[in-house]
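The structure under discussion appears below in the form of C-alpha cells.
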Amino acid sequence: MAYNKDKAGFTRLDQPSVFIPGQTVLIVSYTVYRFAVSLYFPYFCLPYPSTELFMQRYPIVFSIAGSDPSGGAGIQADLKTIAALGGYGAAAITALTIQNTRGVKEVYPVSADVVSQQILAVCEDLHPEVVKIGMVATVENVYAIARALRRFRPSQVIYDPVLAATAGRKLIRDNALEALHAELFPLCTLITPNLEEAERLTGLPVRNEEQMQVAGQRLREQGCPAVLIKGGHLSGEEMTDLLFTPEQLYRFSVPKIDSANLHGTGCTLSSAISTCIALGYTLPEAVRKARSYLIQAIQAGKDIRTGNGNGPVCHSSDPVKMVVLV
C-alpha cells in the first residue's frame with residue numbers, strides 16, 4: 001500500500017481503506033481461545049465473534065448545528081468539510097436561519113423535542129465516533145443536547161460556541177450562556193471560541209495573545225478539558241491560535257491571507273478538527289492538520305466570487321477519498 005503527502009500535509013493512501021490491526025488481534029485471539037475451549041470442553045460451545053467485528057465502516061462525524069441556506073457556514077459547511085477530509089457526515093439541525101453572504105436576517109430555532117428526536121435517530125443507529133456541536137440557539141436545546149450526550153456517551157465532543165454572526169447578530173439567547181457552562185462544557189473534549197466568543201464566555205477582555213492565555217485558562221477552570229482560542233481577528237500580520245490542554249499550551253501561527261471570503265471559517269475549522277479526530281489523530285495533531293486544511297481552503301477561495309458579501313472558503317480544493325475503517 002503506497003502513501004503520499006497532499007498539499008495540506010496529510011498522509012494519504014492510494015487505496016481508500018485504513019486498516020486497524022488492534023481489532024484483528026482481538027478477533028484472532030478470541031478465535032484461538034474458542035478453539036482451545038472446544039478441545040477441553042467439547043460439549044461447551046462459545047459463540048462466534050459478532051459479524052460487526054468484521055464489518056467495514058466509515059469514520060462518522062455527527063454535526064449538531066444551525067442551517068445556512070447560502071451554504072458557506074453551519075451544517076452545510078460542516079458536511080462539505082467532513083466529506084472533503086474523507087469522513088462520513090451526519091447532521092441534526094438546531095435552527096433555520098435566513099442568511100446569505102451579506103448577513104443573517106432571521107433565526108428560527110428548532111424545538112428541543114425535534115432536536116432530541118434527530119439526535120436519537122442518528123446515535124442509536126450510526127453510533128458516531130465524534131459529535132461536533134455548533135449553533136444551539138436556545139437554552140432548551142442546550143439541555144436536550146446535553147441529555148443526549150449523557151445517554152449515548154460519544155467518545156469525542158467538539159463544541160464551536162457559535163454565539164453571533166460575523167455581522168454581529170446574536171445567534172444564541174442570553175439565558176442559554178449559564179446552561180452552556182453547567183451542561184455542555186463538562187461533556188466536551190474541546191471547545192473552539194474565537195476572540196469575541198471567548199470574551200462573552202469569560203467576561204474578560206480578549207484582544208491580544210496574553211489575554212487569550214488568561215481566557216483559555218479561565219475556560220478550562222470552568223470545566224472544559226481543552227480549549228482552542230482562535231485569534232484570526234488579532235491585529236498584526238499573523239493568524240495565531242492557542243490550544244490549551246491538561247498537558248501543555250500549543251501555539252499555532254501562520255501569516256494572514258488577504259481574503260474577503262471568510263464566511264464559515266469557524267464552522268469549517270471545528271468540523272475539520274472533528275473529522276481528523278475521527279480518523280485517529282491526537283488532539284494537537286488534529287488541530288494542526290485541520291488548520292492546514294482551512295488555510296488551503298481560504299487560499300483556494302480568496303479570488304472566487306460567491307454572492308455579494310463575505311463569501312465562503314473553497315471546501316473541496318483537494319478532497320480526500322472516503323476513508324473506510326476495518
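Order determines the names: the first chain of the C-alpha cells is A, the second B, and so forth; residues in each chain are numbered 1 upward, and ligands are numbered 1 upward as they are shown.
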Item to check | Selection: 8 Å around A:Thr245, only C-alpha atoms, excl. self and same-chain fewer than 3 positions, as a PyMOL selection string | outcome: chain A and resi 225-227+248-249
Please report as CSV every residue of stretch 190-281 of chain A lying within 12 Å of stretch 97-120 of chain A, along with the nearest atom pair and their distance in Å (one decimal), using only C-alpha atoms.
```
residue,atom,partner,partner_atom,distance
A:Ala260,CA,A:Thr101,CA,10.7
A:Asn261,CA,A:Thr101,CA,9.1
A:Leu262,CA,A:Thr101,CA,9.8
A:His263,CA,A:Thr101,CA,7.1
A:Gly264,CA,A:Thr101,CA,9.9
```
Export of the given selection (C-alpha atoms) as a tab-separated table (two decimals), in the first residue's frame:
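Result file follows (result-v5.tsv):
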```
chain	number	residue	atom	x	y	z
A	260	ALA	CA	-12.80	38.80	1.62
A	261	ASN	CA	-14.16	35.24	1.59
A	262	LEU	CA	-14.09	34.11	5.21
A	263	HIS	CA	-17.72	33.16	5.78
A	264	GLY	CA	-17.96	29.97	7.85
```
Item to check | Distance query A:Pro154 at most 9 Å, only C-alpha atoms, self and fewer than 2 positions along chain excluded, as a PyMOL selection string | outcome: chain A and resi 123+127-131+149-152+156-157
Include N, CA and C atoms and write out the residues we just selected as a PDB file, in the first residue's frame.
```pdb
ATOM      1  N   CYS A 123     -27.860   8.654  16.608  1.00  0.00           N
ATOM      2  CA  CYS A 123     -26.960   7.989  17.550  1.00  0.00           C
ATOM      3  C   CYS A 123     -27.318   6.525  17.789  1.00  0.00           C
ATOM      4  N   HIS A 127     -24.078   5.391  15.534  1.00  0.00           N
ATOM      5  CA  HIS A 127     -23.039   5.372  16.574  1.00  0.00           C
ATOM      6  C   HIS A 127     -21.821   6.206  16.162  1.00  0.00           C
ATOM      7  N   PRO A 128     -21.983   7.499  15.995  1.00  0.00           N
ATOM      8  CA  PRO A 128     -20.873   8.337  15.514  1.00  0.00           C
ATOM      9  C   PRO A 128     -19.695   8.352  16.483  1.00  0.00           C
ATOM     10  N   GLU A 129     -18.477   8.346  15.907  1.00  0.00           N
ATOM     11  CA  GLU A 129     -17.264   8.420  16.715  1.00  0.00           C
ATOM     12  C   GLU A 129     -17.106   9.788  17.370  1.00  0.00           C
ATOM     13  N   VAL A 130     -17.470  10.835  16.618  1.00  0.00           N
ATOM     14  CA  VAL A 130     -17.268  12.202  17.081  1.00  0.00           C
ATOM     15  C   VAL A 130     -18.549  12.999  16.874  1.00  0.00           C
ATOM     16  N   VAL A 131     -18.910  13.799  17.874  1.00  0.00           N
ATOM     17  CA  VAL A 131     -20.027  14.735  17.755  1.00  0.00           C
ATOM     18  C   VAL A 131     -19.464  16.138  17.731  1.00  0.00           C
ATOM     19  N   LEU A 149     -26.113  13.568  24.964  1.00  0.00           N
ATOM     20  CA  LEU A 149     -24.702  13.227  25.110  1.00  0.00           C
ATOM     21  C   LEU A 149     -24.482  12.310  26.307  1.00  0.00           C
ATOM     22  N   ARG A 150     -25.198  12.571  27.392  1.00  0.00           N
ATOM     23  CA  ARG A 150     -25.066  11.710  28.578  1.00  0.00           C
ATOM     24  C   ARG A 150     -25.615  10.316  28.298  1.00  0.00           C
ATOM     25  N   ARG A 151     -26.643  10.244  27.475  1.00  0.00           N
ATOM     26  CA  ARG A 151     -27.234   8.943  27.175  1.00  0.00           C
ATOM     27  C   ARG A 151     -26.346   8.108  26.262  1.00  0.00           C
ATOM     28  N   PHE A 152     -25.834   8.722  25.197  1.00  0.00           N
ATOM     29  CA  PHE A 152     -25.102   7.954  24.194  1.00  0.00           C
ATOM     30  C   PHE A 152     -23.592   7.953  24.407  1.00  0.00           C
ATOM     31  N   GLN A 156     -15.829  11.490  21.668  1.00  0.00           N
ATOM     32  CA  GLN A 156     -15.270  12.834  21.483  1.00  0.00           C
ATOM     33  C   GLN A 156     -16.394  13.817  21.165  1.00  0.00           C
ATOM     34  N   VAL A 157     -16.389  14.974  21.829  1.00  0.00           N
ATOM     35  CA  VAL A 157     -17.372  16.023  21.568  1.00  0.00           C
ATOM     36  C   VAL A 157     -16.624  17.341  21.363  1.00  0.00           C
TER      37      VAL A 157
END
```
Please provide as a compact mmCIF listing (two decimals) with C-alpha atoms, in the first residue's frame all residues within 7 Å of stretch 58-73 of chain A, with the sequence filter that same-chain residues fewer than 3 positions apart are discarded (counting only C-alpha atoms).
```txt
# COMPACT_ATOMS: atom_id res chain seq x y z
CA GLN A 76 -23.73 22.90 5.09
CA ALA A 77 -20.09 23.89 5.70
CA ASP A 78 -19.70 21.06 8.21
CA GLY A 87 -15.29 11.31 6.64
CA TYR A 88 -19.00 10.50 6.65
CA GLY A 89 -21.15 13.39 7.84
CA ALA A 90 -24.47 13.14 9.65
CA ALA A 91 -26.45 16.13 10.89
CA ALA A 92 -29.15 17.37 13.27
CA ILE A 93 -30.48 20.89 12.70
CA THR A 94 -30.98 23.16 15.72
CA ALA A 95 -32.10 26.29 13.89
CA LEU A 96 -33.12 27.52 10.46
CA THR A 97 -31.53 30.81 9.51
CA GLN A 99 -28.99 34.41 5.66
CA ASN A 100 -26.62 34.84 2.74
CA PRO A 128 -20.87 8.34 15.51
CA GLU A 129 -17.26 8.42 16.72
CA VAL A 130 -17.27 12.20 17.08
CA VAL A 131 -20.03 14.73 17.75
CA LYS A 132 -19.47 18.31 16.62
CA ILE A 133 -21.78 20.98 18.07
CA GLY A 134 -22.23 24.42 16.56
CA MET A 135 -25.14 26.81 16.94
CA VAL A 136 -27.57 25.61 19.64
CA HIS A 263 -17.72 33.16 5.78
CA GLY A 264 -17.96 29.97 7.85
CA CYS A 267 -17.57 26.02 11.36
CA SER A 274 -13.68 16.64 14.43
CA THR A 275 -13.00 14.68 11.24
CA ALA A 278 -12.48 10.54 13.90
CA LEU A 279 -9.62 9.43 11.62
CA PRO A 312 -17.24 31.12 1.60
CA VAL A 323 -11.92 6.60 4.25
CA VAL A 324 -13.06 3.11 5.22
CA LEU A 325 -12.20 1.74 8.67
```
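When atom CA of A:Asp160 is paired with atom CA of A:Ile191, their separation reads 5.7 Å.
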Next on the checklist: So that I can see what lies close to A:Glu183, please list as a list of chain:residue names the residues with an atom at most 10 Å from it, counting only C-alpha atoms and leaving out residues fewer than 5 positions away in the same chain.
Outcome noted: A:Val142, A:Tyr143, A:Ala144, A:Ile145, A:Ala146, A:Arg147, A:Leu177, A:Glu178, A:Cys188, A:Gly223
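For the residues A:Asp303, A:Glu285, A:Asp318, A:Glu221, ranking by smallest atom-to-atom distance to A:Asp258 using only C-alpha atoms places A:Asp303 first.
What separates atom CA of A:Glu209 from atom CA of A:Pro161 is a distance of 19.8 Å.
Using only C-alpha atoms, the protein and nucleic acid residues lying no more than 12 Å from A:Gly236, apart from those fewer than 2 places from it along its own chain, are A:Arg207, A:Asn208, A:Glu209, A:Gly231, A:Gly232, A:His233, A:Leu234, A:Glu238, A:Met239, A:Thr240, A:Ser253, A:Val254, A:Pro255, A:Lys256, A:Ile257.
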Using DSSP assignments from the backbone, pull out every residue in stretch 84-272 of chain A that falls under strand (DSSP E or B) and give it to me as a PDB file with N, CA, C and O atoms, in the first residue's frame.
```
ATOM      1  N   TYR A  88     -17.572  10.630   6.954  1.00  0.00           N
ATOM      2  CA  TYR A  88     -18.997  10.498   6.649  1.00  0.00           C
ATOM      3  C   TYR A  88     -19.751  11.428   7.590  1.00  0.00           C
ATOM      4  O   TYR A  88     -19.691  11.284   8.811  1.00  0.00           O
ATOM      5  N   GLY A  89     -20.460  12.393   7.032  1.00  0.00           N
ATOM      6  CA  GLY A  89     -21.146  13.388   7.840  1.00  0.00           C
ATOM      7  C   GLY A  89     -22.614  13.067   8.054  1.00  0.00           C
ATOM      8  O   GLY A  89     -23.330  12.713   7.120  1.00  0.00           O
ATOM      9  N   ALA A  90     -23.061  13.193   9.301  1.00  0.00           N
ATOM     10  CA  ALA A  90     -24.475  13.142   9.653  1.00  0.00           C
ATOM     11  C   ALA A  90     -24.816  14.454  10.333  1.00  0.00           C
ATOM     12  O   ALA A  90     -23.930  15.162  10.820  1.00  0.00           O
ATOM     13  N   ALA A  91     -26.109  14.803  10.387  1.00  0.00           N
ATOM     14  CA  ALA A  91     -26.452  16.130  10.890  1.00  0.00           C
ATOM     15  C   ALA A  91     -27.798  16.165  11.573  1.00  0.00           C
ATOM     16  O   ALA A  91     -28.740  15.472  11.182  1.00  0.00           O
ATOM     17  N   ALA A  92     -27.889  17.003  12.622  1.00  0.00           N
ATOM     18  CA  ALA A  92     -29.147  17.367  13.266  1.00  0.00           C
ATOM     19  C   ALA A  92     -29.223  18.884  13.274  1.00  0.00           C
ATOM     20  O   ALA A  92     -28.257  19.555  13.649  1.00  0.00           O
ATOM     21  N   ILE A  93     -30.346  19.435  12.854  1.00  0.00           N
ATOM     22  CA  ILE A  93     -30.481  20.887  12.702  1.00  0.00           C
ATOM     23  C   ILE A  93     -31.136  21.484  13.943  1.00  0.00           C
ATOM     24  O   ILE A  93     -32.208  21.053  14.367  1.00  0.00           O
ATOM     25  N   THR A  94     -30.484  22.491  14.519  1.00  0.00           N
ATOM     26  CA  THR A  94     -30.978  23.161  15.724  1.00  0.00           C
ATOM     27  C   THR A  94     -31.719  24.459  15.420  1.00  0.00           C
ATOM     28  O   THR A  94     -32.484  24.943  16.258  1.00  0.00           O
ATOM     29  N   ALA A  95     -31.459  25.026  14.244  1.00  0.00           N
ATOM     30  CA  ALA A  95     -32.099  26.292  13.888  1.00  0.00           C
ATOM     31  C   ALA A  95     -32.055  26.486  12.381  1.00  0.00           C
ATOM     32  O   ALA A  95     -31.094  26.063  11.722  1.00  0.00           O
ATOM     33  N   LEU A  96     -33.101  27.098  11.852  1.00  0.00           N
ATOM     34  CA  LEU A  96     -33.122  27.516  10.457  1.00  0.00           C
ATOM     35  C   LEU A  96     -32.833  29.004  10.420  1.00  0.00           C
ATOM     36  O   LEU A  96     -33.472  29.786  11.131  1.00  0.00           O
ATOM     37  N   THR A  97     -31.854  29.389   9.623  1.00  0.00           N
ATOM     38  CA  THR A  97     -31.526  30.805   9.510  1.00  0.00           C
ATOM     39  C   THR A  97     -31.904  31.320   8.123  1.00  0.00           C
ATOM     40  O   THR A  97     -31.910  30.565   7.149  1.00  0.00           O
ATOM     41  N   ILE A  98     -32.228  32.594   8.067  1.00  0.00           N
ATOM     42  CA  ILE A  98     -32.420  33.288   6.797  1.00  0.00           C
ATOM     43  C   ILE A  98     -31.183  34.146   6.613  1.00  0.00           C
ATOM     44  O   ILE A  98     -31.040  35.196   7.240  1.00  0.00           O
ATOM     45  N   GLN A  99     -30.254  33.686   5.811  1.00  0.00           N
ATOM     46  CA  GLN A  99     -28.992  34.412   5.659  1.00  0.00           C
ATOM     47  C   GLN A  99     -28.390  34.152   4.298  1.00  0.00           C
ATOM     48  O   GLN A  99     -28.766  33.215   3.581  1.00  0.00           O
ATOM     49  N   ASN A 100     -27.444  35.014   3.942  1.00  0.00           N
ATOM     50  CA  ASN A 100     -26.624  34.838   2.745  1.00  0.00           C
ATOM     51  C   ASN A 100     -25.268  35.444   3.046  1.00  0.00           C
ATOM     52  O   ASN A 100     -24.934  35.666   4.219  1.00  0.00           O
ATOM     53  N   GLY A 103     -25.269  38.662   5.312  1.00  0.00           N
ATOM     54  CA  GLY A 103     -25.648  38.710   6.710  1.00  0.00           C
ATOM     55  C   GLY A 103     -26.820  37.817   7.052  1.00  0.00           C
ATOM     56  O   GLY A 103     -27.422  37.176   6.178  1.00  0.00           O
ATOM     57  N   VAL A 104     -27.146  37.784   8.354  1.00  0.00           N
ATOM     58  CA  VAL A 104     -28.250  36.982   8.877  1.00  0.00           C
ATOM     59  C   VAL A 104     -29.462  37.881   9.074  1.00  0.00           C
ATOM     60  O   VAL A 104     -29.392  38.905   9.747  1.00  0.00           O
ATOM     61  N   LYS A 105     -30.587  37.477   8.483  1.00  0.00           N
ATOM     62  CA  LYS A 105     -31.812  38.265   8.594  1.00  0.00           C
ATOM     63  C   LYS A 105     -32.732  37.768   9.701  1.00  0.00           C
ATOM     64  O   LYS A 105     -33.302  38.544  10.443  1.00  0.00           O
ATOM     65  N   GLU A 106     -32.897  36.449   9.799  1.00  0.00           N
ATOM     66  CA  GLU A 106     -33.773  35.884  10.816  1.00  0.00           C
ATOM     67  C   GLU A 106     -33.225  34.538  11.288  1.00  0.00           C
ATOM     68  O   GLU A 106     -32.484  33.864  10.562  1.00  0.00           O
ATOM     69  N   VAL A 107     -33.598  34.162  12.507  1.00  0.00           N
ATOM     70  CA  VAL A 107     -33.235  32.866  13.071  1.00  0.00           C
ATOM     71  C   VAL A 107     -34.494  32.220  13.622  1.00  0.00           C
ATOM     72  O   VAL A 107     -35.215  32.823  14.424  1.00  0.00           O
ATOM     73  N   TYR A 108     -34.759  30.996  13.191  1.00  0.00           N
ATOM     74  CA  TYR A 108     -35.931  30.256  13.659  1.00  0.00           C
ATOM     75  C   TYR A 108     -35.451  28.980  14.348  1.00  0.00           C
ATOM     76  O   TYR A 108     -35.136  27.983  13.683  1.00  0.00           O
ATOM     77  N   PRO A 109     -35.384  28.976  15.688  1.00  0.00           N
ATOM     78  CA  PRO A 109     -34.915  27.783  16.396  1.00  0.00           C
ATOM     79  C   PRO A 109     -35.833  26.585  16.168  1.00  0.00           C
ATOM     80  O   PRO A 109     -37.052  26.726  16.080  1.00  0.00           O
ATOM     81  N   VAL A 130     -17.470  10.835  16.618  1.00  0.00           N
ATOM     82  CA  VAL A 130     -17.268  12.202  17.081  1.00  0.00           C
ATOM     83  C   VAL A 130     -18.549  12.999  16.874  1.00  0.00           C
ATOM     84  O   VAL A 130     -19.185  12.906  15.817  1.00  0.00           O
ATOM     85  N   VAL A 131     -18.910  13.799  17.874  1.00  0.00           N
ATOM     86  CA  VAL A 131     -20.027  14.735  17.755  1.00  0.00           C
ATOM     87  C   VAL A 131     -19.464  16.138  17.731  1.00  0.00           C
ATOM     88  O   VAL A 131     -18.656  16.515  18.584  1.00  0.00           O
ATOM     89  N   LYS A 132     -19.869  16.906  16.737  1.00  0.00           N
ATOM     90  CA  LYS A 132     -19.474  18.309  16.622  1.00  0.00           C
ATOM     91  C   LYS A 132     -20.710  19.172  16.833  1.00  0.00           C
ATOM     92  O   LYS A 132     -21.733  18.982  16.173  1.00  0.00           O
ATOM     93  N   ILE A 133     -20.645  20.107  17.762  1.00  0.00           N
ATOM     94  CA  ILE A 133     -21.775  20.976  18.071  1.00  0.00           C
ATOM     95  C   ILE A 133     -21.448  22.394  17.631  1.00  0.00           C
ATOM     96  O   ILE A 133     -20.352  22.900  17.898  1.00  0.00           O
ATOM     97  N   GLN A 156     -15.829  11.490  21.668  1.00  0.00           N
ATOM     98  CA  GLN A 156     -15.270  12.834  21.483  1.00  0.00           C
ATOM     99  C   GLN A 156     -16.394  13.817  21.165  1.00  0.00           C
ATOM    100  O   GLN A 156     -17.244  13.524  20.312  1.00  0.00           O
ATOM    101  N   VAL A 157     -16.389  14.974  21.829  1.00  0.00           N
ATOM    102  CA  VAL A 157     -17.372  16.023  21.568  1.00  0.00           C
ATOM    103  C   VAL A 157     -16.624  17.341  21.363  1.00  0.00           C
ATOM    104  O   VAL A 157     -15.911  17.807  22.257  1.00  0.00           O
ATOM    105  N   ILE A 158     -16.775  17.936  20.192  1.00  0.00           N
ATOM    106  CA  ILE A 158     -16.147  19.212  19.855  1.00  0.00           C
ATOM    107  C   ILE A 158     -17.245  20.264  19.786  1.00  0.00           C
ATOM    108  O   ILE A 158     -18.219  20.102  19.042  1.00  0.00           O
ATOM    109  N   TYR A 159     -17.091  21.346  20.548  1.00  0.00           N
ATOM    110  CA  TYR A 159     -18.118  22.391  20.585  1.00  0.00           C
ATOM    111  C   TYR A 159     -17.545  23.709  20.079  1.00  0.00           C
ATOM    112  O   TYR A 159     -16.613  24.259  20.658  1.00  0.00           O
ATOM    113  N   ALA A 164     -22.653  34.506  17.797  1.00  0.00           N
ATOM    114  CA  ALA A 164     -23.101  35.642  16.990  1.00  0.00           C
ATOM    115  C   ALA A 164     -22.588  35.482  15.570  1.00  0.00           C
ATOM    116  O   ALA A 164     -21.556  34.840  15.333  1.00  0.00           O
ATOM    117  N   LYS A 170     -26.885  38.255  17.249  1.00  0.00           N
ATOM    118  CA  LYS A 170     -26.783  37.156  18.199  1.00  0.00           C
ATOM    119  C   LYS A 170     -27.472  35.914  17.647  1.00  0.00           C
ATOM    120  O   LYS A 170     -28.564  35.983  17.107  1.00  0.00           O
ATOM    121  N   LEU A 190     -13.338  19.363  23.561  1.00  0.00           N
ATOM    122  CA  LEU A 190     -12.693  20.604  23.123  1.00  0.00           C
ATOM    123  C   LEU A 190     -13.761  21.628  22.815  1.00  0.00           C
ATOM    124  O   LEU A 190     -14.807  21.293  22.257  1.00  0.00           O
ATOM    125  N   ILE A 191     -13.519  22.897  23.178  1.00  0.00           N
ATOM    126  CA  ILE A 191     -14.341  23.994  22.691  1.00  0.00           C
ATOM    127  C   ILE A 191     -13.449  24.943  21.901  1.00  0.00           C
ATOM    128  O   ILE A 191     -12.255  25.059  22.166  1.00  0.00           O
ATOM    129  N   ASN A 194     -13.841  31.920  19.184  1.00  0.00           N
ATOM    130  CA  ASN A 194     -12.993  32.993  18.663  1.00  0.00           C
ATOM    131  C   ASN A 194     -12.830  34.048  19.754  1.00  0.00           C
ATOM    132  O   ASN A 194     -13.263  33.855  20.896  1.00  0.00           O
ATOM    133  N   VAL A 227      -9.231  23.703  25.292  1.00  0.00           N
ATOM    134  CA  VAL A 227      -9.788  24.918  24.692  1.00  0.00           C
ATOM    135  C   VAL A 227      -8.878  25.368  23.559  1.00  0.00           C
ATOM    136  O   VAL A 227      -7.654  25.434  23.726  1.00  0.00           O
ATOM    137  N   LEU A 228      -9.466  25.677  22.406  1.00  0.00           N
ATOM    138  CA  LEU A 228      -8.738  26.296  21.296  1.00  0.00           C
ATOM    139  C   LEU A 228      -9.312  27.686  21.087  1.00  0.00           C
ATOM    140  O   LEU A 228     -10.455  27.832  20.642  1.00  0.00           O
ATOM    141  N   ILE A 229      -8.556  28.716  21.430  1.00  0.00           N
ATOM    142  CA  ILE A 229      -8.995  30.090  21.179  1.00  0.00           C
ATOM    143  C   ILE A 229      -8.410  30.540  19.850  1.00  0.00           C
ATOM    144  O   ILE A 229      -7.192  30.527  19.651  1.00  0.00           O
ATOM    145  N   LYS A 230      -9.305  30.917  18.944  1.00  0.00           N
ATOM    146  CA  LYS A 230      -8.904  31.279  17.579  1.00  0.00           C
ATOM    147  C   LYS A 230      -8.621  32.775  17.510  1.00  0.00           C
ATOM    148  O   LYS A 230      -9.478  33.590  17.836  1.00  0.00           O
ATOM    149  N   GLY A 231      -7.421  33.116  17.068  1.00  0.00           N
ATOM    150  CA  GLY A 231      -7.004  34.509  17.049  1.00  0.00           C
ATOM    151  C   GLY A 231      -6.948  35.125  15.669  1.00  0.00           C
ATOM    152  O   GLY A 231      -6.115  36.004  15.407  1.00  0.00           O
ATOM    153  N   GLU A 238      -0.211  38.012  11.523  1.00  0.00           N
ATOM    154  CA  GLU A 238      -0.291  36.573  11.710  1.00  0.00           C
ATOM    155  C   GLU A 238      -1.649  36.140  12.235  1.00  0.00           C
ATOM    156  O   GLU A 238      -2.331  36.891  12.954  1.00  0.00           O
ATOM    157  N   MET A 239      -2.048  34.931  11.849  1.00  0.00           N
ATOM    158  CA  MET A 239      -3.213  34.272  12.439  1.00  0.00           C
ATOM    159  C   MET A 239      -2.693  33.309  13.497  1.00  0.00           C
ATOM    160  O   MET A 239      -2.010  32.329  13.164  1.00  0.00           O
ATOM    161  N   THR A 240      -2.995  33.587  14.752  1.00  0.00           N
ATOM    162  CA  THR A 240      -2.459  32.799  15.853  1.00  0.00           C
ATOM    163  C   THR A 240      -3.586  32.182  16.668  1.00  0.00           C
ATOM    164  O   THR A 240      -4.484  32.890  17.125  1.00  0.00           O
ATOM    165  N   ASP A 241      -3.547  30.867  16.824  1.00  0.00           N
ATOM    166  CA  ASP A 241      -4.500  30.143  17.661  1.00  0.00           C
ATOM    167  C   ASP A 241      -3.733  29.522  18.822  1.00  0.00           C
ATOM    168  O   ASP A 241      -2.586  29.088  18.668  1.00  0.00           O
ATOM    169  N   LEU A 242      -4.376  29.447  19.982  1.00  0.00           N
ATOM    170  CA  LEU A 242      -3.776  28.841  21.163  1.00  0.00           C
ATOM    171  C   LEU A 242      -4.621  27.656  21.611  1.00  0.00           C
ATOM    172  O   LEU A 242      -5.832  27.791  21.807  1.00  0.00           O
ATOM    173  N   LEU A 243      -3.982  26.504  21.764  1.00  0.00           N
ATOM    174  CA  LEU A 243      -4.656  25.297  22.230  1.00  0.00           C
ATOM    175  C   LEU A 243      -4.205  24.998  23.653  1.00  0.00           C
ATOM    176  O   LEU A 243      -3.020  24.792  23.913  1.00  0.00           O
ATOM    177  N   PHE A 244      -5.169  24.966  24.565  1.00  0.00           N
ATOM    178  CA  PHE A 244      -4.909  24.678  25.973  1.00  0.00           C
ATOM    179  C   PHE A 244      -5.373  23.254  26.266  1.00  0.00           C
ATOM    180  O   PHE A 244      -6.545  22.923  26.093  1.00  0.00           O
ATOM    181  N   LEU A 249       0.392  24.008  26.639  1.00  0.00           N
ATOM    182  CA  LEU A 249      -0.142  25.029  25.745  1.00  0.00           C
ATOM    183  C   LEU A 249       0.538  24.903  24.392  1.00  0.00           C
ATOM    184  O   LEU A 249       1.767  24.822  24.307  1.00  0.00           O
ATOM    185  N   TYR A 250      -0.263  24.867  23.318  1.00  0.00           N
ATOM    186  CA  TYR A 250       0.251  24.804  21.952  1.00  0.00           C
ATOM    187  C   TYR A 250      -0.065  26.113  21.246  1.00  0.00           C
ATOM    188  O   TYR A 250      -1.186  26.640  21.360  1.00  0.00           O
ATOM    189  N   ARG A 251       0.905  26.615  20.492  1.00  0.00           N
ATOM    190  CA  ARG A 251       0.714  27.846  19.723  1.00  0.00           C
ATOM    191  C   ARG A 251       0.832  27.530  18.237  1.00  0.00           C
ATOM    192  O   ARG A 251       1.815  26.929  17.798  1.00  0.00           O
ATOM    193  N   PHE A 252      -0.191  27.925  17.475  1.00  0.00           N
ATOM    194  CA  PHE A 252      -0.192  27.719  16.021  1.00  0.00           C
ATOM    195  C   PHE A 252      -0.282  29.089  15.361  1.00  0.00           C
ATOM    196  O   PHE A 252      -1.210  29.856  15.645  1.00  0.00           O
ATOM    197  N   SER A 253       0.641  29.389  14.482  1.00  0.00           N
ATOM    198  CA  SER A 253       0.648  30.709  13.862  1.00  0.00           C
ATOM    199  C   SER A 253       1.112  30.619  12.412  1.00  0.00           C
ATOM    200  O   SER A 253       2.075  29.908  12.098  1.00  0.00           O
ATOM    201  N   VAL A 254       0.395  31.330  11.533  1.00  0.00           N
ATOM    202  CA  VAL A 254       0.767  31.426  10.119  1.00  0.00           C
ATOM    203  C   VAL A 254       0.482  32.848   9.650  1.00  0.00           C
ATOM    204  O   VAL A 254      -0.305  33.572  10.274  1.00  0.00           O
ATOM    205  N   PRO A 255       1.097  33.278   8.556  1.00  0.00           N
ATOM    206  CA  PRO A 255       0.791  34.613   8.026  1.00  0.00           C
ATOM    207  C   PRO A 255      -0.679  34.714   7.605  1.00  0.00           C
ATOM    208  O   PRO A 255      -1.257  33.739   7.105  1.00  0.00           O
ATOM    209  N   HIS A 263     -16.454  33.602   5.188  1.00  0.00           N
ATOM    210  CA  HIS A 263     -17.721  33.159   5.778  1.00  0.00           C
ATOM    211  C   HIS A 263     -17.636  31.680   6.155  1.00  0.00           C
ATOM    212  O   HIS A 263     -17.259  30.840   5.340  1.00  0.00           O
TER     213      HIS A 263
END
```
Item to check | alpha helix (DSSP H) per DSSP on the backbone: members of stretch 27-246 of chain A, as a PyMOL selection string | outcome: chain A and resi 27-40+74-84+112-126+139-152+177-179+195-202+209-221
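Interatomic distance, atom CA of A:His315 to atom CA of A:Ala297: 5.5 Å.
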